[in-house]
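Worksheet: the structure to be examined is printed underneath.
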Amino acid sequence: MDTTVIDAIVGRVIERLAERRIASAPSCRVLMLFSGASTGYVAGLKAIRMLSGAGHPLHVVLSASALHVIGEDNLRKAGATKLSNPDTWLDAPRTIRESDVVLVPTLSMNTAAHLALGLMDSLLTTLILGARLADKPVVAVADGADPYGNGGRIFSPDHTGAPALRAALAEHLATLKSFGIQLVGDGGFLWASAQAVGSAAQAKADLVVSDANSTSSIAQPLPVATLHLSGLVTASDLSGLTRGAAVRLAAGARLTPLAQEVLERQRARVTSDDKREVWS
């Protein structure tokens with residue numbers, strides 16, 4: 001049998017497995033980011049169809065380049081309903097807190113370079129690096145940013161020119177891996193995304209159960225009276241917190257991401273002694 005046919009069959013099987021994995025996963029909040037590369041575009045559209053079809057909350061963000069290369073209409077046709085373009089103002093920390101997984105189908109060489117340098121000079125790089133700082137999983141298609149792959153091939157049919165430049169661009173991808181960003185090929189994006197969604201959704205579901213069990217095991221829940229906390233506040237510090245409770249943070253206190261989720265879920269009324277933004 002022709003290897004092309006075999007590859008097509010294998011690809012279709014993997015796609016179906018990814019679709020089933022996404023459909024069976026508990027609700028997962030997905031942030032999908034498109035930069036200016038074209039490689040990964042089709043896989044990104046398929047992921048949108050799978051995620052939206054399974055009912056996972058999905059927020060799609062486009063860079064200026066992606067807006068021209070891909071366009072909003074194609075993303076909306078695939079099923080994206082919550083979509084932010086470069087003219088949309090976003091609260092980046094809040095957007096990250098409200099996401100469980102970040103997917104980047106079309107990572108470009110330019111975006112990869114900025115990420116490798118730790119630059120939060122655009123909305124996309126801020127969201128990606130911020131997600132890693134919050135320990136949120138990030139999966140990206142690297143083909144369009146690979147100077148020895150599609151990223152370099154769009155400028156030259158071979159990979160013989162400017163070896164020092166190509167080596168530097170390839171090093172950017174190695175740096176992204178060291179940051180904890182999962183880099184995959186175009187063909188592996190759907191399965192990697194399905195795995196990330198399934199794992200993150202299950203971890204969140206387990207956390208809810210754990211919090212519920214912890215709360216139910218406490219004979220006397222924390223009263224509605226103001227709870228005073230200081231230092232680094234973790235989710236365990238909030239075990240038994242009643243819904244609508246008042247929480248007062250001492251000057252300099254910070255919240256872990258999980259502690260913040262507990263406060264938001266319990267609709268706690270949070271104030272700070274030094275009148276500043278307290279979310280970690």
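Residue numbers start at 1 in each chain; chains themselves are named A, B, ... in the order of the structure tokens; ligands are numbered from 1 in the order shown.
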Pick out the residues sitting within 12 Å of Glu98 of chain A, and hand them over as a count of residues only; count only C-alpha atoms, and ignore anything fewer than 5 positions along from it in its own chain. 20
Residue list (helix (DSSP H, G or I), DSSP) for segment 36-275 of chain A, as a short mmCIF file (atom, residue, chain, number, x, y, z; two decimals) with N, CA and C atoms, in the first residue's frame:
data_model
loop_
_atom_site.label_atom_id
_atom_site.label_comp_id
_atom_site.auth_asym_id
_atom_site.auth_seq_id
_atom_site.Cartn_x
_atom_site.Cartn_y
_atom_site.Cartn_z
N TYR A 41 -2.34 26.02 10.82
CA TYR A 41 -3.63 26.71 10.67
C TYR A 41 -4.78 25.72 10.56
N VAL A 42 -4.62 24.70 9.70
CA VAL A 42 -5.69 23.71 9.50
C VAL A 42 -5.92 22.92 10.79
N ALA A 43 -4.84 22.51 11.45
CA ALA A 43 -4.97 21.78 12.71
C ALA A 43 -5.66 22.65 13.75
N GLY A 44 -5.37 23.94 13.74
CA GLY A 44 -6.01 24.85 14.67
C GLY A 44 -7.50 24.93 14.45
N LEU A 45 -7.93 24.98 13.19
CA LEU A 45 -9.37 25.02 12.88
C LEU A 45 -10.05 23.72 13.33
N LYS A 46 -9.38 22.60 13.12
CA LYS A 46 -9.95 21.32 13.55
C LYS A 46 -10.09 21.28 15.08
N ALA A 47 -9.08 21.81 15.77
CA ALA A 47 -9.14 21.84 17.24
C ALA A 47 -10.30 22.71 17.71
N ILE A 48 -10.53 23.84 17.03
CA ILE A 48 -11.66 24.71 17.38
C ILE A 48 -12.97 23.95 17.23
N ARG A 49 -13.13 23.22 16.12
CA ARG A 49 -14.36 22.46 15.88
C ARG A 49 -14.56 21.41 16.97
N MET A 50 -13.49 20.72 17.34
CA MET A 50 -13.60 19.68 18.37
C MET A 50 -13.95 20.27 19.73
N LEU A 51 -13.26 21.33 20.10
CA LEU A 51 -13.46 21.94 21.42
C LEU A 51 -14.84 22.57 21.54
N SER A 52 -15.23 23.34 20.53
CA SER A 52 -16.54 23.99 20.58
C SER A 52 -17.65 22.95 20.49
N GLY A 53 -17.43 21.90 19.70
CA GLY A 53 -18.44 20.85 19.58
C GLY A 53 -18.63 20.09 20.87
N ALA A 64 -1.81 40.58 15.05
CA ALA A 64 -2.09 41.39 13.86
C ALA A 64 -1.79 40.61 12.59
N SER A 65 -0.68 39.84 12.61
CA SER A 65 -0.33 39.05 11.43
C SER A 65 -1.36 37.96 11.18
N ALA A 66 -1.80 37.30 12.24
CA ALA A 66 -2.78 36.23 12.09
C ALA A 66 -4.10 36.77 11.56
N LEU A 67 -4.44 37.99 11.95
CA LEU A 67 -5.68 38.59 11.47
C LEU A 67 -5.66 38.69 9.96
N HIS A 68 -4.50 39.01 9.38
CA HIS A 68 -4.39 39.14 7.92
C HIS A 68 -4.22 37.78 7.24
N VAL A 69 -3.43 36.87 7.87
CA VAL A 69 -3.15 35.57 7.25
C VAL A 69 -4.34 34.64 7.35
N GLU A 72 -10.74 36.55 10.80
CA GLU A 72 -11.73 36.17 11.81
C GLU A 72 -12.81 35.26 11.25
N ASP A 73 -13.21 35.48 10.01
CA ASP A 73 -14.33 34.73 9.44
C ASP A 73 -14.07 33.23 9.45
N ASN A 74 -12.85 32.82 9.08
CA ASN A 74 -12.53 31.40 9.05
C ASN A 74 -12.60 30.77 10.43
N LEU A 75 -12.17 31.54 11.44
CA LEU A 75 -12.21 31.02 12.81
C LEU A 75 -13.63 30.92 13.32
N ARG A 76 -14.46 31.89 12.98
CA ARG A 76 -15.86 31.85 13.41
C ARG A 76 -16.61 30.72 12.71
N LYS A 77 -16.29 30.46 11.46
CA LYS A 77 -16.92 29.36 10.75
C LYS A 77 -16.56 28.02 11.39
N ALA A 78 -15.35 27.95 11.96
CA ALA A 78 -14.92 26.71 12.60
C ALA A 78 -15.61 26.50 13.95
N ALA A 92 -4.69 40.70 30.66
CA ALA A 92 -3.91 39.47 30.45
C ALA A 92 -3.86 38.57 31.68
N PRO A 93 -3.55 39.09 32.88
CA PRO A 93 -3.54 38.20 34.06
C PRO A 93 -4.88 37.51 34.29
N ARG A 94 -5.95 38.25 34.14
CA ARG A 94 -7.27 37.64 34.35
C ARG A 94 -7.57 36.60 33.28
N THR A 95 -7.19 36.90 32.03
CA THR A 95 -7.41 35.94 30.94
C THR A 95 -6.68 34.63 31.22
N ILE A 96 -5.47 34.73 31.75
CA ILE A 96 -4.70 33.53 32.09
C ILE A 96 -5.36 32.78 33.24
N ARG A 97 -5.81 33.52 34.25
CA ARG A 97 -6.45 32.87 35.40
C ARG A 97 -7.72 32.13 34.98
N MET A 109 8.29 32.36 13.70
CA MET A 109 9.68 32.57 14.11
C MET A 109 9.81 33.86 14.92
N ASN A 110 9.06 34.88 14.54
CA ASN A 110 9.12 36.15 15.24
C ASN A 110 8.62 36.00 16.68
N THR A 111 7.47 35.33 16.84
CA THR A 111 6.92 35.13 18.17
C THR A 111 7.84 34.26 19.02
N ALA A 112 8.40 33.21 18.42
CA ALA A 112 9.31 32.33 19.14
C ALA A 112 10.54 33.10 19.63
N ALA A 113 11.05 34.01 18.81
CA ALA A 113 12.22 34.80 19.20
C ALA A 113 11.91 35.69 20.39
N HIS A 114 10.76 36.34 20.37
CA HIS A 114 10.37 37.22 21.48
C HIS A 114 10.15 36.41 22.76
N LEU A 115 9.54 35.23 22.62
CA LEU A 115 9.31 34.38 23.78
C LEU A 115 10.63 33.92 24.39
N ALA A 116 11.56 33.53 23.53
CA ALA A 116 12.85 33.02 24.01
C ALA A 116 13.63 34.09 24.78
N LEU A 123 0.48 41.11 23.13
CA LEU A 123 -0.54 40.39 23.89
C LEU A 123 -0.26 38.89 23.87
N LEU A 124 0.13 38.33 22.70
CA LEU A 124 0.36 36.90 22.61
C LEU A 124 1.53 36.45 23.49
N THR A 125 2.66 37.17 23.42
CA THR A 125 3.80 36.75 24.23
C THR A 125 3.51 36.91 25.72
N THR A 126 2.74 37.94 26.07
CA THR A 126 2.36 38.13 27.48
C THR A 126 1.50 36.97 27.96
N LEU A 127 0.55 36.55 27.13
CA LEU A 127 -0.33 35.44 27.51
C LEU A 127 0.42 34.12 27.60
N ILE A 128 1.34 33.87 26.66
CA ILE A 128 2.08 32.61 26.66
C ILE A 128 3.03 32.53 27.85
N LEU A 129 3.84 33.58 28.04
CA LEU A 129 4.79 33.56 29.15
C LEU A 129 4.06 33.65 30.48
N GLY A 130 2.99 34.42 30.52
CA GLY A 130 2.20 34.50 31.75
C GLY A 130 1.59 33.16 32.11
N ALA A 131 1.16 32.41 31.10
CA ALA A 131 0.60 31.08 31.35
C ALA A 131 1.64 30.16 31.97
N ARG A 132 2.87 30.24 31.49
CA ARG A 132 3.92 29.40 32.07
C ARG A 132 4.25 29.86 33.49
N LEU A 133 4.24 31.17 33.73
CA LEU A 133 4.48 31.65 35.09
C LEU A 133 3.40 31.16 36.04
N ASP A 143 6.54 23.88 13.77
CA ASP A 143 6.98 23.80 12.38
C ASP A 143 7.19 25.16 11.73
N GLY A 144 6.25 26.08 11.97
CA GLY A 144 6.35 27.39 11.34
C GLY A 144 7.44 28.26 11.91
N ALA A 145 7.99 27.87 13.07
CA ALA A 145 9.07 28.63 13.69
C ALA A 145 10.42 27.93 13.54
N ASN A 150 9.47 24.26 7.99
CA ASN A 150 8.62 25.15 7.20
C ASN A 150 8.95 26.63 7.41
N GLY A 151 9.37 26.98 8.64
CA GLY A 151 9.70 28.38 8.90
C GLY A 151 10.82 28.89 8.02
N GLY A 152 11.85 28.06 7.81
CA GLY A 152 12.95 28.47 6.94
C GLY A 152 12.65 28.24 5.48
N ARG A 153 11.82 27.24 5.19
CA ARG A 153 11.55 26.88 3.80
C ARG A 153 10.77 27.95 3.05
N PRO A 163 24.01 29.85 8.06
CA PRO A 163 23.99 28.80 9.09
C PRO A 163 23.98 29.34 10.52
N ALA A 164 24.69 30.44 10.75
CA ALA A 164 24.71 31.00 12.11
C ALA A 164 23.34 31.52 12.51
N LEU A 165 22.65 32.15 11.56
CA LEU A 165 21.31 32.66 11.83
C LEU A 165 20.34 31.50 12.09
N ARG A 166 20.43 30.47 11.26
CA ARG A 166 19.55 29.32 11.45
C ARG A 166 19.79 28.66 12.81
N ALA A 167 21.03 28.56 13.18
CA ALA A 167 21.35 27.96 14.49
C ALA A 167 20.78 28.79 15.63
N ALA A 168 20.84 30.13 15.50
CA ALA A 168 20.31 31.00 16.54
C ALA A 168 18.80 30.87 16.64
N LEU A 169 18.13 30.79 15.48
CA LEU A 169 16.68 30.65 15.48
C LEU A 169 16.25 29.30 16.06
N ALA A 170 17.03 28.26 15.76
CA ALA A 170 16.73 26.93 16.30
C ALA A 170 16.93 26.92 17.82
N GLU A 171 17.89 27.69 18.30
CA GLU A 171 18.14 27.76 19.74
C GLU A 171 16.95 28.36 20.47
N HIS A 172 16.22 29.26 19.79
CA HIS A 172 15.03 29.83 20.41
C HIS A 172 14.03 28.74 20.77
N LEU A 173 13.88 27.76 19.88
CA LEU A 173 12.94 26.68 20.15
C LEU A 173 13.41 25.83 21.33
N ALA A 174 14.72 25.61 21.42
CA ALA A 174 15.26 24.87 22.56
C ALA A 174 14.99 25.61 23.86
N THR A 175 15.07 26.94 23.81
CA THR A 175 14.78 27.75 25.00
C THR A 175 13.32 27.63 25.40
N LEU A 176 12.43 27.63 24.42
CA LEU A 176 11.00 27.50 24.73
C LEU A 176 10.71 26.16 25.41
N LYS A 177 11.39 25.11 24.96
CA LYS A 177 11.22 23.81 25.61
C LYS A 177 11.67 23.87 27.06
N SER A 178 12.77 24.59 27.30
CA SER A 178 13.27 24.71 28.68
C SER A 178 12.31 25.50 29.55
N ASP A 186 3.07 19.71 13.30
CA ASP A 186 1.71 20.01 12.83
C ASP A 186 0.81 18.79 12.97
N GLY A 187 1.33 17.62 12.60
CA GLY A 187 0.53 16.40 12.64
C GLY A 187 0.25 15.89 14.04
N GLY A 188 1.02 16.34 15.02
CA GLY A 188 0.82 15.87 16.39
C GLY A 188 0.06 16.84 17.26
N PHE A 189 -0.39 17.95 16.69
CA PHE A 189 -1.02 19.00 17.50
C PHE A 189 -2.35 18.56 18.10
N LEU A 190 -3.21 17.92 17.32
CA LEU A 190 -4.53 17.56 17.81
C LEU A 190 -4.45 16.58 18.98
N TRP A 191 -3.59 15.57 18.85
CA TRP A 191 -3.47 14.60 19.93
C TRP A 191 -2.85 15.23 21.17
N ALA A 192 -1.80 16.05 20.98
CA ALA A 192 -1.17 16.72 22.12
C ALA A 192 -2.16 17.66 22.81
N SER A 193 -2.98 18.35 22.02
CA SER A 193 -3.99 19.25 22.58
C SER A 193 -5.03 18.46 23.37
N ALA A 194 -5.46 17.33 22.79
CA ALA A 194 -6.45 16.50 23.48
C ALA A 194 -5.91 15.98 24.80
N GLN A 195 -4.65 15.59 24.81
CA GLN A 195 -4.03 15.10 26.05
C GLN A 195 -3.95 16.22 27.09
N ALA A 196 -3.56 17.41 26.65
CA ALA A 196 -3.44 18.54 27.57
C ALA A 196 -4.79 18.92 28.14
N VAL A 197 -5.80 18.96 27.28
CA VAL A 197 -7.16 19.30 27.73
C VAL A 197 -7.67 18.26 28.71
N GLY A 198 -7.50 16.99 28.37
CA GLY A 198 -7.97 15.93 29.25
C GLY A 198 -7.29 15.95 30.60
N SER A 199 -5.97 16.14 30.61
CA SER A 199 -5.22 16.14 31.87
C SER A 199 -5.58 17.34 32.73
N ALA A 200 -5.66 18.53 32.11
CA ALA A 200 -5.98 19.74 32.87
C ALA A 200 -7.40 19.69 33.40
N ALA A 201 -8.33 19.21 32.59
CA ALA A 201 -9.72 19.13 33.02
C ALA A 201 -9.88 18.16 34.18
N GLN A 202 -9.18 17.02 34.10
CA GLN A 202 -9.27 16.03 35.17
C GLN A 202 -8.64 16.56 36.45
N ALA A 203 -7.51 17.26 36.32
CA ALA A 203 -6.86 17.82 37.50
C ALA A 203 -7.76 18.84 38.18
N LYS A 204 -8.47 19.65 37.38
CA LYS A 204 -9.38 20.63 37.95
C LYS A 204 -10.55 19.94 38.63
N ALA A 205 -11.07 18.89 38.01
CA ALA A 205 -12.19 18.15 38.61
C ALA A 205 -11.75 17.49 39.92
N ASP A 206 -10.54 16.96 39.94
CA ASP A 206 -10.02 16.34 41.16
C ASP A 206 -9.86 17.37 42.27
N LEU A 207 -9.45 18.59 41.89
CA LEU A 207 -9.28 19.65 42.87
C LEU A 207 -10.61 20.02 43.51
N VAL A 208 -11.65 20.10 42.68
CA VAL A 208 -12.98 20.43 43.21
C VAL A 208 -13.44 19.37 44.19
N VAL A 209 -13.23 18.10 43.85
CA VAL A 209 -13.62 17.01 44.74
C VAL A 209 -12.81 17.07 46.02
N SER A 210 -11.50 17.31 45.88
CA SER A 210 -10.64 17.39 47.06
C SER A 210 -11.06 18.52 47.98
N ASP A 211 -11.38 19.68 47.40
CA ASP A 211 -11.83 20.82 48.20
C ASP A 211 -13.14 20.50 48.89
N ALA A 212 -14.04 19.81 48.17
CA ALA A 212 -15.34 19.46 48.76
C ALA A 212 -15.16 18.49 49.92
N ASN A 213 -14.28 17.50 49.73
CA ASN A 213 -14.03 16.54 50.80
C ASN A 213 -13.38 17.20 52.00
N SER A 214 -12.45 18.13 51.72
CA SER A 214 -11.76 18.83 52.80
C SER A 214 -12.74 19.69 53.58
N THR A 215 -13.65 20.35 52.87
CA THR A 215 -14.64 21.21 53.53
C THR A 215 -15.60 20.39 54.38
N SER A 216 -16.04 19.25 53.83
CA SER A 216 -17.02 18.44 54.54
C SER A 216 -16.44 17.78 55.78
N ALA A 235 -4.32 27.45 48.74
CA ALA A 235 -5.68 26.91 48.79
C ALA A 235 -5.96 26.23 50.12
N SER A 236 -4.95 25.60 50.72
CA SER A 236 -5.17 24.92 52.00
C SER A 236 -5.48 25.91 53.11
N ASP A 237 -5.01 27.15 52.98
CA ASP A 237 -5.33 28.17 53.98
C ASP A 237 -6.80 28.55 53.95
N LEU A 238 -7.48 28.20 52.85
CA LEU A 238 -8.88 28.59 52.68
C LEU A 238 -9.85 27.43 52.81
N PRO A 257 -2.35 30.83 42.45
CA PRO A 257 -3.47 30.68 41.50
C PRO A 257 -4.60 29.80 42.04
N LEU A 258 -4.27 28.70 42.74
CA LEU A 258 -5.32 27.84 43.27
C LEU A 258 -6.10 28.52 44.38
N ALA A 259 -5.40 29.31 45.20
CA ALA A 259 -6.10 30.05 46.25
C ALA A 259 -7.07 31.04 45.64
N GLN A 260 -6.65 31.69 44.57
CA GLN A 260 -7.52 32.65 43.90
C GLN A 260 -8.77 31.97 43.34
N GLU A 261 -8.58 30.74 42.78
CA GLU A 261 -9.73 30.02 42.24
C GLU A 261 -10.73 29.69 43.35
N VAL A 262 -10.22 29.35 44.54
CA VAL A 262 -11.10 29.06 45.67
C VAL A 262 -11.90 30.30 46.04
N LEU A 263 -11.22 31.46 46.11
CA LEU A 263 -11.89 32.71 46.47
C LEU A 263 -12.95 33.07 45.44
N GLU A 264 -12.61 32.91 44.15
CA GLU A 264 -13.57 33.25 43.11
C GLU A 264 -14.76 32.30 43.13
N ARG A 265 -14.48 31.00 43.35
CA ARG A 265 -15.56 30.02 43.37
C ARG A 265 -16.51 30.25 44.54
#
Picked from segment 106-182 of chain A by DSSP as strand (DSSP E or B), as a ChimeraX atom specification: /A:106,138-141,182
May I ask for the distance between atom CA of Gly240 of chain A and atom CA of Ser272 of chain A, given in Å to one decimal place?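 One can read the atom CA of Gly240 of chain A to atom CA of Ser272 of chain A distance as 20.7 Å.
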Selection: 10 Å around Arg267 of chain A, only C-alpha atoms, excl. self and same-chain fewer than 5 positions, as a PyMOL selection string: chain A and resi 242-246+261-262
Pairwise distance for atom CA of Val104 of chain A and atom CA of Ser35 of chain A, rounded to one decimal in Å: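 Straight-line distance from atom CA of Val104 of chain A to atom CA of Ser35 of chain A works out to 7.8 Å.
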Restricting the calculation to only C-alpha atoms, which member of A:Leu232, A:Ile9, A:Leu17, A:Val141 is positioned closest to Met32 of chain A?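 Nearest candidate to Met32 of chain A out of A:Leu232, A:Ile9, A:Leu17, A:Val141: A:Val141.
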